[in-house]
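Shown here: query.cif, mmCIF, N, CA and C atoms.
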```
data_model
loop_
_atom_site.label_atom_id
_atom_site.label_comp_id
_atom_site.auth_asym_id
_atom_site.auth_seq_id
_atom_site.Cartn_x
_atom_site.Cartn_y
_atom_site.Cartn_z
N MET A 1 0.82 -1.18 0.00
CA MET A 1 0.00 0.00 0.00
C MET A 1 0.87 1.25 0.00
N ALA A 2 1.98 1.20 0.73
CA ALA A 2 2.83 2.38 0.84
C ALA A 2 3.42 2.77 -0.51
N ALA A 3 3.74 1.78 -1.32
CA ALA A 3 4.32 2.08 -2.63
C ALA A 3 3.29 2.75 -3.55
N ILE A 4 2.03 2.44 -3.36
CA ILE A 4 0.99 3.03 -4.21
C ILE A 4 0.87 4.53 -3.95
N ILE A 5 0.93 4.93 -2.70
CA ILE A 5 0.74 6.35 -2.41
C ILE A 5 2.03 7.15 -2.50
N GLY A 6 3.17 6.50 -2.61
CA GLY A 6 4.42 7.23 -2.80
C GLY A 6 5.38 7.15 -1.62
N LEU A 7 5.04 6.39 -0.58
CA LEU A 7 5.97 6.23 0.54
C LEU A 7 7.07 5.24 0.16
N LYS A 8 8.27 5.56 0.55
CA LYS A 8 9.39 4.64 0.36
C LYS A 8 9.73 4.03 1.71
N GLU A 9 9.79 2.72 1.74
CA GLU A 9 10.12 2.03 2.99
C GLU A 9 11.59 2.19 3.32
N LYS A 10 12.44 1.97 2.31
CA LYS A 10 13.89 2.06 2.52
C LYS A 10 14.52 2.72 1.30
N PHE A 11 15.49 3.55 1.55
CA PHE A 11 16.21 4.21 0.47
C PHE A 11 17.51 3.50 0.17
N LEU A 12 18.33 3.31 1.20
CA LEU A 12 19.67 2.78 0.99
C LEU A 12 19.71 1.25 0.95
N ALA A 13 18.77 0.59 1.59
CA ALA A 13 18.80 -0.87 1.63
C ALA A 13 18.64 -1.48 0.23
N GLU A 14 17.92 -0.79 -0.63
CA GLU A 14 17.71 -1.29 -1.99
C GLU A 14 18.91 -1.03 -2.89
N ARG A 15 19.80 -0.15 -2.46
CA ARG A 15 20.92 0.27 -3.30
C ARG A 15 22.25 -0.06 -2.62
N LYS A 16 22.64 -1.32 -2.68
CA LYS A 16 23.90 -1.76 -2.06
C LYS A 16 25.10 -1.10 -2.73
N ASP A 17 24.98 -0.78 -4.04
CA ASP A 17 26.09 -0.14 -4.73
C ASP A 17 26.38 1.24 -4.14
N LEU A 18 25.35 1.96 -3.72
CA LEU A 18 25.56 3.27 -3.11
C LEU A 18 26.22 3.16 -1.74
N ILE A 19 25.87 2.14 -1.00
CA ILE A 19 26.49 1.94 0.31
C ILE A 19 27.98 1.65 0.13
N ASP A 20 28.30 0.83 -0.86
CA ASP A 20 29.71 0.54 -1.14
C ASP A 20 30.46 1.80 -1.58
N LYS A 21 29.82 2.61 -2.43
CA LYS A 21 30.45 3.87 -2.85
C LYS A 21 30.63 4.82 -1.67
N ALA A 22 29.66 4.82 -0.75
CA ALA A 22 29.77 5.69 0.43
C ALA A 22 30.94 5.26 1.31
N TYR A 23 31.10 3.96 1.51
CA TYR A 23 32.24 3.47 2.30
C TYR A 23 33.55 3.83 1.61
N GLU A 24 33.59 3.64 0.30
CA GLU A 24 34.81 3.95 -0.47
C GLU A 24 35.13 5.44 -0.41
N LEU A 25 34.11 6.27 -0.56
CA LEU A 25 34.30 7.72 -0.51
C LEU A 25 34.78 8.16 0.87
N TYR A 26 34.27 7.54 1.92
CA TYR A 26 34.71 7.88 3.27
C TYR A 26 36.15 7.45 3.50
N ARG A 27 36.53 6.30 2.94
CA ARG A 27 37.93 5.86 3.07
C ARG A 27 38.87 6.81 2.33
N LYS A 28 38.43 7.31 1.16
CA LYS A 28 39.28 8.22 0.38
C LYS A 28 39.41 9.58 1.03
N THR A 29 38.28 10.17 1.42
CA THR A 29 38.30 11.55 1.91
C THR A 29 38.38 11.64 3.42
N GLY A 30 37.81 10.69 4.13
CA GLY A 30 37.80 10.74 5.58
C GLY A 30 36.79 11.75 6.13
N SER A 31 35.93 12.24 5.27
CA SER A 31 34.97 13.27 5.66
C SER A 31 33.55 12.75 5.47
N TRP A 32 32.75 12.80 6.54
CA TRP A 32 31.37 12.38 6.45
C TRP A 32 30.56 13.37 5.62
N GLU A 33 30.93 14.64 5.63
CA GLU A 33 30.19 15.65 4.88
C GLU A 33 30.19 15.35 3.38
N ASP A 34 31.31 14.84 2.87
CA ASP A 34 31.37 14.48 1.45
C ASP A 34 30.45 13.31 1.13
N VAL A 35 30.41 12.34 2.03
CA VAL A 35 29.53 11.18 1.84
C VAL A 35 28.07 11.61 1.89
N GLU A 36 27.76 12.47 2.86
CA GLU A 36 26.38 12.95 2.99
C GLU A 36 25.97 13.76 1.76
N LYS A 37 26.85 14.59 1.28
CA LYS A 37 26.58 15.39 0.08
C LYS A 37 26.35 14.49 -1.13
N PHE A 38 27.17 13.45 -1.25
CA PHE A 38 27.02 12.49 -2.36
C PHE A 38 25.67 11.78 -2.30
N LEU A 39 25.27 11.33 -1.11
CA LEU A 39 24.00 10.60 -0.98
C LEU A 39 22.80 11.51 -1.17
N ARG A 40 22.88 12.73 -0.67
CA ARG A 40 21.77 13.68 -0.89
C ARG A 40 21.60 14.01 -2.36
N GLU A 41 22.72 14.13 -3.06
CA GLU A 41 22.66 14.40 -4.50
C GLU A 41 22.07 13.20 -5.25
N GLU A 42 22.39 12.02 -4.78
CA GLU A 42 21.90 10.80 -5.43
C GLU A 42 20.38 10.65 -5.27
N PHE A 43 19.84 11.05 -4.13
CA PHE A 43 18.40 10.92 -3.86
C PHE A 43 17.66 12.24 -3.99
N LYS A 44 18.28 13.21 -4.63
CA LYS A 44 17.69 14.54 -4.76
C LYS A 44 16.32 14.50 -5.44
N GLU A 45 16.21 13.73 -6.50
CA GLU A 45 14.95 13.66 -7.25
C GLU A 45 13.85 12.98 -6.45
N GLU A 46 14.19 11.93 -5.71
CA GLU A 46 13.18 11.21 -4.94
C GLU A 46 12.68 12.00 -3.74
N LEU A 47 13.48 12.93 -3.25
CA LEU A 47 13.09 13.73 -2.09
C LEU A 47 12.61 15.12 -2.49
N SER A 48 12.45 15.33 -3.78
CA SER A 48 12.05 16.64 -4.29
C SER A 48 10.58 16.92 -4.01
N ILE A 49 10.26 18.19 -3.84
CA ILE A 49 8.88 18.60 -3.60
C ILE A 49 8.04 18.42 -4.86
N PHE A 50 8.68 18.36 -6.01
CA PHE A 50 7.96 18.25 -7.27
C PHE A 50 7.74 16.82 -7.73
N LYS A 51 8.21 15.84 -6.96
CA LYS A 51 7.97 14.44 -7.32
C LYS A 51 6.51 14.09 -7.00
N PRO A 52 5.74 13.71 -8.01
CA PRO A 52 4.32 13.44 -7.75
C PRO A 52 4.11 12.14 -6.98
N ASN A 53 3.05 12.12 -6.20
CA ASN A 53 2.59 10.89 -5.55
C ASN A 53 1.08 10.82 -5.74
N LEU A 54 0.43 9.88 -5.11
CA LEU A 54 -1.01 9.71 -5.31
C LEU A 54 -1.80 10.96 -4.93
N PHE A 55 -1.38 11.64 -3.88
CA PHE A 55 -2.12 12.81 -3.41
C PHE A 55 -1.98 13.99 -4.35
N THR A 56 -0.93 14.02 -5.15
CA THR A 56 -0.77 15.09 -6.14
C THR A 56 -1.92 15.03 -7.14
N TYR A 57 -2.35 13.84 -7.47
CA TYR A 57 -3.45 13.70 -8.42
C TYR A 57 -4.78 14.15 -7.81
N PHE A 58 -4.96 13.95 -6.51
CA PHE A 58 -6.14 14.51 -5.84
C PHE A 58 -6.13 16.03 -5.97
N LEU A 59 -4.97 16.63 -5.78
CA LEU A 59 -4.84 18.08 -5.90
C LEU A 59 -5.16 18.54 -7.32
N LEU A 60 -4.69 17.83 -8.31
CA LEU A 60 -4.96 18.21 -9.70
C LEU A 60 -6.45 18.13 -10.03
N VAL A 61 -7.08 17.04 -9.66
CA VAL A 61 -8.51 16.87 -9.96
C VAL A 61 -9.33 17.90 -9.21
N GLY A 62 -9.05 18.08 -7.93
CA GLY A 62 -9.79 19.06 -7.14
C GLY A 62 -9.57 20.48 -7.64
N GLY A 63 -8.34 20.80 -7.98
CA GLY A 63 -8.03 22.14 -8.47
C GLY A 63 -8.68 22.46 -9.80
N ILE A 64 -8.76 21.46 -10.66
CA ILE A 64 -9.39 21.68 -11.97
C ILE A 64 -10.89 21.91 -11.83
N LEU A 65 -11.52 21.20 -10.90
CA LEU A 65 -12.97 21.33 -10.73
C LEU A 65 -13.40 22.49 -9.84
N LEU A 66 -12.47 23.05 -9.09
CA LEU A 66 -12.83 24.04 -8.08
C LEU A 66 -13.45 25.31 -8.66
N LEU A 67 -12.78 25.98 -9.55
CA LEU A 67 -13.30 27.25 -10.07
C LEU A 67 -14.53 27.10 -10.97
N PRO A 68 -14.56 26.11 -11.88
CA PRO A 68 -15.80 25.98 -12.67
C PRO A 68 -17.03 25.65 -11.83
N SER A 69 -16.86 24.80 -10.82
CA SER A 69 -18.01 24.48 -9.98
C SER A 69 -18.43 25.67 -9.12
N LEU A 70 -17.47 26.48 -8.69
CA LEU A 70 -17.81 27.69 -7.95
C LEU A 70 -18.58 28.66 -8.85
N TYR A 71 -18.16 28.81 -10.09
CA TYR A 71 -18.86 29.69 -11.03
C TYR A 71 -20.29 29.19 -11.27
N LEU A 72 -20.43 27.89 -11.52
CA LEU A 72 -21.77 27.34 -11.76
C LEU A 72 -22.66 27.49 -10.53
N TRP A 73 -22.10 27.30 -9.36
CA TRP A 73 -22.87 27.39 -8.13
C TRP A 73 -23.32 28.82 -7.86
N LYS A 74 -22.43 29.78 -7.98
CA LYS A 74 -22.74 31.14 -7.59
C LYS A 74 -23.41 31.97 -8.69
N VAL A 75 -23.13 31.68 -9.96
CA VAL A 75 -23.59 32.57 -11.03
C VAL A 75 -24.64 31.93 -11.92
N TYR A 76 -24.40 30.72 -12.35
CA TYR A 76 -25.18 30.16 -13.45
C TYR A 76 -26.52 29.57 -13.00
N PHE A 77 -26.51 28.70 -11.98
CA PHE A 77 -27.73 28.00 -11.60
C PHE A 77 -28.52 28.79 -10.56
N GLU A 78 -29.82 28.72 -10.65
CA GLU A 78 -30.70 29.42 -9.71
C GLU A 78 -30.81 28.62 -8.41
N PRO A 79 -30.86 29.32 -7.29
CA PRO A 79 -31.00 28.62 -6.00
C PRO A 79 -32.30 27.83 -5.93
N GLY A 80 -32.22 26.67 -5.30
CA GLY A 80 -33.40 25.84 -5.13
C GLY A 80 -33.56 24.77 -6.20
N THR A 81 -32.74 24.80 -7.22
CA THR A 81 -32.85 23.79 -8.27
C THR A 81 -31.90 22.64 -7.99
N THR A 82 -32.14 21.54 -8.66
CA THR A 82 -31.26 20.37 -8.50
C THR A 82 -29.86 20.67 -9.01
N ALA A 83 -29.75 21.40 -10.11
CA ALA A 83 -28.44 21.74 -10.65
C ALA A 83 -27.65 22.61 -9.68
N HIS A 84 -28.34 23.51 -8.99
CA HIS A 84 -27.68 24.35 -7.99
C HIS A 84 -27.12 23.47 -6.86
N PHE A 85 -27.90 22.51 -6.41
CA PHE A 85 -27.45 21.59 -5.37
C PHE A 85 -26.26 20.77 -5.84
N LEU A 86 -26.33 20.23 -7.05
CA LEU A 86 -25.23 19.41 -7.57
C LEU A 86 -23.95 20.22 -7.78
N SER A 87 -24.10 21.45 -8.25
CA SER A 87 -22.89 22.28 -8.42
C SER A 87 -22.27 22.62 -7.07
N ARG A 88 -23.09 22.85 -6.05
CA ARG A 88 -22.58 23.11 -4.70
C ARG A 88 -21.89 21.86 -4.15
N LEU A 89 -22.48 20.71 -4.40
CA LEU A 89 -21.88 19.44 -3.98
C LEU A 89 -20.54 19.21 -4.70
N THR A 90 -20.51 19.48 -5.98
CA THR A 90 -19.28 19.34 -6.75
C THR A 90 -18.20 20.28 -6.22
N PHE A 91 -18.58 21.50 -5.88
CA PHE A 91 -17.63 22.45 -5.32
C PHE A 91 -17.05 21.94 -4.00
N MET A 92 -17.91 21.42 -3.13
CA MET A 92 -17.43 20.92 -1.85
C MET A 92 -16.50 19.72 -2.02
N LEU A 93 -16.86 18.82 -2.93
CA LEU A 93 -15.99 17.67 -3.19
C LEU A 93 -14.65 18.10 -3.78
N ALA A 94 -14.68 19.07 -4.68
CA ALA A 94 -13.43 19.58 -5.27
C ALA A 94 -12.56 20.23 -4.20
N ALA A 95 -13.18 20.97 -3.30
CA ALA A 95 -12.42 21.60 -2.21
C ALA A 95 -11.81 20.54 -1.30
N MET A 96 -12.56 19.48 -1.00
CA MET A 96 -12.01 18.40 -0.16
C MET A 96 -10.89 17.67 -0.87
N PHE A 97 -11.04 17.42 -2.17
CA PHE A 97 -9.99 16.78 -2.94
C PHE A 97 -8.72 17.64 -2.93
N SER A 98 -8.89 18.94 -3.13
CA SER A 98 -7.74 19.84 -3.14
C SER A 98 -7.02 19.86 -1.80
N LEU A 99 -7.79 19.95 -0.74
CA LEU A 99 -7.20 19.96 0.59
C LEU A 99 -6.49 18.64 0.90
N LYS A 100 -7.15 17.55 0.54
CA LYS A 100 -6.53 16.24 0.75
C LYS A 100 -5.25 16.12 -0.07
N GLY A 101 -5.26 16.67 -1.27
CA GLY A 101 -4.08 16.62 -2.13
C GLY A 101 -2.93 17.41 -1.56
N ILE A 102 -3.20 18.61 -1.07
CA ILE A 102 -2.13 19.46 -0.53
C ILE A 102 -1.54 18.83 0.73
N VAL A 103 -2.40 18.48 1.66
CA VAL A 103 -1.93 17.92 2.93
C VAL A 103 -1.25 16.58 2.71
N GLY A 104 -1.87 15.71 1.92
CA GLY A 104 -1.29 14.39 1.68
C GLY A 104 0.05 14.45 0.97
N HIS A 105 0.18 15.34 0.01
CA HIS A 105 1.44 15.49 -0.73
C HIS A 105 2.57 15.86 0.23
N TYR A 106 2.33 16.83 1.09
CA TYR A 106 3.39 17.27 2.01
C TYR A 106 3.65 16.25 3.11
N VAL A 107 2.63 15.54 3.56
CA VAL A 107 2.86 14.51 4.57
C VAL A 107 3.75 13.40 4.01
N ILE A 108 3.45 12.95 2.80
CA ILE A 108 4.28 11.92 2.16
C ILE A 108 5.71 12.43 1.98
N LEU A 109 5.83 13.66 1.53
CA LEU A 109 7.15 14.25 1.32
C LEU A 109 7.96 14.28 2.61
N PHE A 110 7.35 14.74 3.70
CA PHE A 110 8.09 14.85 4.95
C PHE A 110 8.37 13.50 5.59
N ILE A 111 7.47 12.53 5.42
CA ILE A 111 7.74 11.18 5.93
C ILE A 111 8.91 10.56 5.17
N ASN A 112 8.93 10.73 3.84
CA ASN A 112 10.05 10.20 3.06
C ASN A 112 11.36 10.86 3.46
N ARG A 113 11.35 12.16 3.65
CA ARG A 113 12.58 12.86 4.06
C ARG A 113 13.04 12.42 5.44
N ASP A 114 12.09 12.19 6.33
CA ASP A 114 12.45 11.74 7.67
C ASP A 114 13.05 10.34 7.63
N ARG A 115 12.47 9.46 6.84
CA ARG A 115 13.03 8.11 6.70
C ARG A 115 14.42 8.14 6.10
N PHE A 116 14.63 9.03 5.14
CA PHE A 116 15.96 9.16 4.53
C PHE A 116 16.97 9.63 5.58
N GLU A 117 16.59 10.59 6.40
CA GLU A 117 17.49 11.10 7.45
C GLU A 117 17.84 9.99 8.44
N VAL A 118 16.87 9.17 8.80
CA VAL A 118 17.13 8.06 9.73
C VAL A 118 18.12 7.08 9.12
N GLU A 119 17.93 6.74 7.85
CA GLU A 119 18.86 5.83 7.18
C GLU A 119 20.24 6.45 7.04
N LEU A 120 20.29 7.75 6.81
CA LEU A 120 21.56 8.45 6.70
C LEU A 120 22.31 8.42 8.03
N ASN A 121 21.59 8.64 9.13
CA ASN A 121 22.21 8.58 10.45
C ASN A 121 22.67 7.16 10.79
N THR A 122 21.91 6.17 10.38
CA THR A 122 22.31 4.78 10.61
C THR A 122 23.58 4.45 9.84
N LEU A 123 23.63 4.91 8.59
CA LEU A 123 24.84 4.69 7.78
C LEU A 123 26.02 5.42 8.39
N LYS A 124 25.80 6.62 8.89
CA LYS A 124 26.88 7.38 9.52
C LYS A 124 27.42 6.64 10.74
N ALA A 125 26.50 6.06 11.52
CA ALA A 125 26.93 5.30 12.70
C ALA A 125 27.72 4.07 12.30
N SER A 126 27.32 3.42 11.21
CA SER A 126 28.05 2.22 10.80
C SER A 126 29.38 2.55 10.16
N ILE A 127 29.49 3.70 9.51
CA ILE A 127 30.76 4.08 8.88
C ILE A 127 31.73 4.63 9.92
N LYS A 128 31.27 5.56 10.73
CA LYS A 128 32.16 6.20 11.70
C LYS A 128 32.34 5.38 12.97
N GLY A 129 31.46 4.44 13.18
CA GLY A 129 31.52 3.64 14.40
C GLY A 129 30.57 4.22 15.43
N GLY A 130 30.07 3.37 16.26
CA GLY A 130 29.12 3.83 17.27
C GLY A 130 28.83 2.74 18.25
N ASN A 131 27.84 2.93 19.04
CA ASN A 131 27.43 1.98 20.06
C ASN A 131 26.37 1.05 19.48
N ASN A 132 26.75 -0.15 19.11
CA ASN A 132 25.81 -1.12 18.53
C ASN A 132 25.03 -0.55 17.36
N GLY A 133 25.70 0.18 16.51
CA GLY A 133 25.06 0.75 15.33
C GLY A 133 24.27 2.00 15.60
N LYS A 134 24.35 2.53 16.82
CA LYS A 134 23.61 3.76 17.15
C LYS A 134 24.61 4.92 17.18
N GLN A 135 24.14 6.05 16.72
CA GLN A 135 24.98 7.24 16.69
C GLN A 135 25.14 7.79 18.09
N SER A 136 26.36 8.08 18.48
CA SER A 136 26.58 8.69 19.79
C SER A 136 26.35 10.19 19.69
N ASN A 137 25.87 10.78 20.77
CA ASN A 137 25.57 12.21 20.76
C ASN A 137 26.76 13.05 21.05
#
```
The structure given in the file should be rewritten as structure tokens.
Amino acid sequence: MAAIIGLKEKFLAERKDLIDKAYELYRKTGSWEDVEKFLREEFKEELSIFKPNLFTYFLLVGGILLLPSLYLWKVYFEPGTTAHFLSRLTFMLAAMFSLKGIVGHYVILFINRDRFEVELNTLKASIKGGNNGKQSN
């Protein structure tokens, strides 16, 4: 289910080649900042705000329907008619779709970024050494 909506379970676990490159880069430079910069550049597109997920499509559908349904509701149809009711209903659904799209898009984005940061800290602990794989403060 998570893959359908755009959540990534693991970033680095699927890419063993990147982990090997990160170890190699750390051995060459001795700097964690270079490794972190390399990994952030590698996953830049996946962590981008412009990467669409399922909720982005809710935003598109709701946004497209929002203004026309508002126009039909307020200007075109007379109050008390079935068309007036349906246009008002369409407007409310479009507004809910838009809100769900905006909130859902950013929630997925921030959850993915948080998971990436956790994996980055875990990799840092394993490269630099730590207490049972945990980063020391």
Legend entry - Proximity to A:Leu120 - best of A:Leu39, A:Leu18, A:Gly30, A:Leu86, only C-alpha atoms: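 Comparing A:Leu39, A:Leu18, A:Gly30, A:Leu86 against A:Leu120, the winner is A:Leu39.
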Inset, instruction - Choose the residue, out of A:Ile111, A:Asn121, A:Gly62, A:Gly80, that has the smallest atom-to-atom separation from A:Ala94; count only C-alpha atoms. - result: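 For A:Ala94, the nearest of the candidates is A:Gly62.
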Legend entry - Gap from atom CA of A:Trp32 to atom CA of A:Phe116 - Å, one decimal: 15.9 Å
Legend entry - Shortest interatomic distance to A:Tyr23 - which of A:Val35, A:Gly6, A:Val61, A:Ser69, counting all atoms listed in the file: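 Answer, going by the shortest atom-to-atom distance: A:Val35.
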Legend entry - d(atom CA of A:Gly104, atom CA of A:Phe55) in Å: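 Here the two named atoms are 5.4 Å from each other.
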Name all residues at most 7 Å from stretch 48-52 of chain A (count all atoms listed in the file; drop same-chain ones fewer than 4 positions away) and give them as a short mmCIF file (atom, residue, chain, number, x, y, z; two decimals) with N, CA and C atoms, in the frame of the given file.
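The result, stored in part.cif:
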```
data_model
loop_
_atom_site.label_atom_id
_atom_site.label_comp_id
_atom_site.auth_asym_id
_atom_site.auth_seq_id
_atom_site.Cartn_x
_atom_site.Cartn_y
_atom_site.Cartn_z
N GLY A 6 3.17 6.50 -2.61
CA GLY A 6 4.42 7.23 -2.80
C GLY A 6 5.38 7.15 -1.62
N PHE A 43 19.84 11.05 -4.13
CA PHE A 43 18.40 10.92 -3.86
C PHE A 43 17.66 12.24 -3.99
N LYS A 44 18.28 13.21 -4.63
CA LYS A 44 17.69 14.54 -4.76
C LYS A 44 16.32 14.50 -5.44
N THR A 56 -0.93 14.02 -5.15
CA THR A 56 -0.77 15.09 -6.14
C THR A 56 -1.92 15.03 -7.14
N TYR A 57 -2.35 13.84 -7.47
CA TYR A 57 -3.45 13.70 -8.42
C TYR A 57 -4.78 14.15 -7.81
N LEU A 109 5.83 13.66 1.53
CA LEU A 109 7.15 14.25 1.32
C LEU A 109 7.96 14.28 2.61
#
```
Legend entry - Evaluate the PyMOL selection byres ((chain A and resi 59) around 8) and report residues as a VMD selection string: chain A and resid 54 to 58 60 to 65 96 to 103 105
Inset, instruction - Quick one: pull the distance between atom CA of A:Leu66 and atom C of A:Ser87, Å, one decimal. - result: 9.6 Å
Inset, instruction - Choose the residue, out of A:Lys128, A:Ala22, A:Leu70, A:Lys10, that has the smallest atom-to-atom separation from A:Met92; count only N, CA and C atoms. - result: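 The closest residue to A:Met92 is A:Leu70.
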Legend entry - Residue among A:Asp20, A:Glu41, A:Glu36, A:Glu46 lying closest to A:Arg113, counting all atoms listed in the file: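 Ranking A:Asp20, A:Glu41, A:Glu36, A:Glu46 by distance to A:Arg113, first place goes to A:Glu46.
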Inset, instruction - Using backbone DSSP assignments, extract all alpha helix (DSSP H) residues from stretch 1-136 of chain A; output them as an NGL selection string. - result: :A and (2-5 or 16-29 or 32-42 or 54-71 or 82-128)
Legend entry - Non-local contacts of stretch 72-75 of chain A (8 Å; all atoms listed in the file; under 4 positions in same chain excluded) as JSON, numbers by chain: {"A": [66, 67, 68, 79, 83, 84, 85, 86, 87, 88, 89, 91]}
Legend entry - Among listed residues A:Lys21, A:Asn53, A:Phe38, A:Glu14, nearest A:Val107 (using only C-alpha atoms): A:Asn53
Selecting N, CA, C and O atoms, how would stretch 77-95 of chain A from this structure be written as a PDB file, in the first residue's frame?
```pdb
ATOM      1  N   PHE A  77     -26.505  28.704 -11.985  1.00  0.00           N
ATOM      2  CA  PHE A  77     -27.735  28.004 -11.601  1.00  0.00           C
ATOM      3  C   PHE A  77     -28.525  28.794 -10.556  1.00  0.00           C
ATOM      4  O   PHE A  77     -27.953  29.417  -9.672  1.00  0.00           O
ATOM      5  N   GLU A  78     -29.820  28.725 -10.654  1.00  0.00           N
ATOM      6  CA  GLU A  78     -30.697  29.416  -9.714  1.00  0.00           C
ATOM      7  C   GLU A  78     -30.808  28.618  -8.415  1.00  0.00           C
ATOM      8  O   GLU A  78     -30.863  27.386  -8.435  1.00  0.00           O
ATOM      9  N   PRO A  79     -30.857  29.318  -7.287  1.00  0.00           N
ATOM     10  CA  PRO A  79     -30.998  28.620  -6.002  1.00  0.00           C
ATOM     11  C   PRO A  79     -32.300  27.826  -5.932  1.00  0.00           C
ATOM     12  O   PRO A  79     -33.324  28.243  -6.448  1.00  0.00           O
ATOM     13  N   GLY A  80     -32.224  26.673  -5.304  1.00  0.00           N
ATOM     14  CA  GLY A  80     -33.400  25.839  -5.128  1.00  0.00           C
ATOM     15  C   GLY A  80     -33.556  24.771  -6.196  1.00  0.00           C
ATOM     16  O   GLY A  80     -34.416  23.903  -6.069  1.00  0.00           O
ATOM     17  N   THR A  81     -32.738  24.801  -7.219  1.00  0.00           N
ATOM     18  CA  THR A  81     -32.846  23.795  -8.275  1.00  0.00           C
ATOM     19  C   THR A  81     -31.895  22.638  -7.989  1.00  0.00           C
ATOM     20  O   THR A  81     -30.963  22.759  -7.185  1.00  0.00           O
ATOM     21  N   THR A  82     -32.140  21.538  -8.656  1.00  0.00           N
ATOM     22  CA  THR A  82     -31.264  20.371  -8.501  1.00  0.00           C
ATOM     23  C   THR A  82     -29.864  20.668  -9.010  1.00  0.00           C
ATOM     24  O   THR A  82     -28.867  20.242  -8.411  1.00  0.00           O
ATOM     25  N   ALA A  83     -29.752  21.403 -10.105  1.00  0.00           N
ATOM     26  CA  ALA A  83     -28.443  21.743 -10.655  1.00  0.00           C
ATOM     27  C   ALA A  83     -27.651  22.614  -9.678  1.00  0.00           C
ATOM     28  O   ALA A  83     -26.433  22.460  -9.548  1.00  0.00           O
ATOM     29  N   HIS A  84     -28.345  23.506  -8.988  1.00  0.00           N
ATOM     30  CA  HIS A  84     -27.678  24.345  -7.991  1.00  0.00           C
ATOM     31  C   HIS A  84     -27.120  23.468  -6.863  1.00  0.00           C
ATOM     32  O   HIS A  84     -25.975  23.647  -6.430  1.00  0.00           O
ATOM     33  N   PHE A  85     -27.905  22.506  -6.409  1.00  0.00           N
ATOM     34  CA  PHE A  85     -27.454  21.591  -5.370  1.00  0.00           C
ATOM     35  C   PHE A  85     -26.259  20.770  -5.841  1.00  0.00           C
ATOM     36  O   PHE A  85     -25.272  20.615  -5.118  1.00  0.00           O
ATOM     37  N   LEU A  86     -26.328  20.232  -7.054  1.00  0.00           N
ATOM     38  CA  LEU A  86     -25.234  19.410  -7.574  1.00  0.00           C
ATOM     39  C   LEU A  86     -23.952  20.216  -7.785  1.00  0.00           C
ATOM     40  O   LEU A  86     -22.845  19.714  -7.547  1.00  0.00           O
ATOM     41  N   SER A  87     -24.097  21.455  -8.247  1.00  0.00           N
ATOM     42  CA  SER A  87     -22.895  22.277  -8.422  1.00  0.00           C
ATOM     43  C   SER A  87     -22.268  22.622  -7.071  1.00  0.00           C
ATOM     44  O   SER A  87     -21.045  22.678  -6.949  1.00  0.00           O
ATOM     45  N   ARG A  88     -23.094  22.852  -6.049  1.00  0.00           N
ATOM     46  CA  ARG A  88     -22.579  23.108  -4.705  1.00  0.00           C
ATOM     47  C   ARG A  88     -21.893  21.858  -4.154  1.00  0.00           C
ATOM     48  O   ARG A  88     -20.825  21.943  -3.549  1.00  0.00           O
ATOM     49  N   LEU A  89     -22.484  20.708  -4.399  1.00  0.00           N
ATOM     50  CA  LEU A  89     -21.880  19.443  -3.979  1.00  0.00           C
ATOM     51  C   LEU A  89     -20.542  19.209  -4.696  1.00  0.00           C
ATOM     52  O   LEU A  89     -19.552  18.809  -4.078  1.00  0.00           O
ATOM     53  N   THR A  90     -20.511  19.479  -5.982  1.00  0.00           N
ATOM     54  CA  THR A  90     -19.276  19.336  -6.750  1.00  0.00           C
ATOM     55  C   THR A  90     -18.200  20.280  -6.222  1.00  0.00           C
ATOM     56  O   THR A  90     -17.027  19.905  -6.118  1.00  0.00           O
ATOM     57  N   PHE A  91     -18.583  21.501  -5.876  1.00  0.00           N
ATOM     58  CA  PHE A  91     -17.627  22.453  -5.323  1.00  0.00           C
ATOM     59  C   PHE A  91     -17.049  21.938  -4.002  1.00  0.00           C
ATOM     60  O   PHE A  91     -15.836  22.016  -3.775  1.00  0.00           O
ATOM     61  N   MET A  92     -17.909  21.421  -3.130  1.00  0.00           N
ATOM     62  CA  MET A  92     -17.425  20.920  -1.845  1.00  0.00           C
ATOM     63  C   MET A  92     -16.501  19.718  -2.019  1.00  0.00           C
ATOM     64  O   MET A  92     -15.480  19.609  -1.347  1.00  0.00           O
ATOM     65  N   LEU A  93     -16.855  18.820  -2.926  1.00  0.00           N
ATOM     66  CA  LEU A  93     -15.990  17.669  -3.192  1.00  0.00           C
ATOM     67  C   LEU A  93     -14.652  18.101  -3.777  1.00  0.00           C
ATOM     68  O   LEU A  93     -13.596  17.566  -3.421  1.00  0.00           O
ATOM     69  N   ALA A  94     -14.681  19.073  -4.684  1.00  0.00           N
ATOM     70  CA  ALA A  94     -13.434  19.577  -5.269  1.00  0.00           C
ATOM     71  C   ALA A  94     -12.564  20.234  -4.203  1.00  0.00           C
ATOM     72  O   ALA A  94     -11.339  20.060  -4.202  1.00  0.00           O
ATOM     73  N   ALA A  95     -13.181  20.969  -3.299  1.00  0.00           N
ATOM     74  CA  ALA A  95     -12.423  21.600  -2.212  1.00  0.00           C
ATOM     75  C   ALA A  95     -11.806  20.543  -1.300  1.00  0.00           C
ATOM     76  O   ALA A  95     -10.643  20.660  -0.880  1.00  0.00           O
TER      77      ALA A  95
END
```
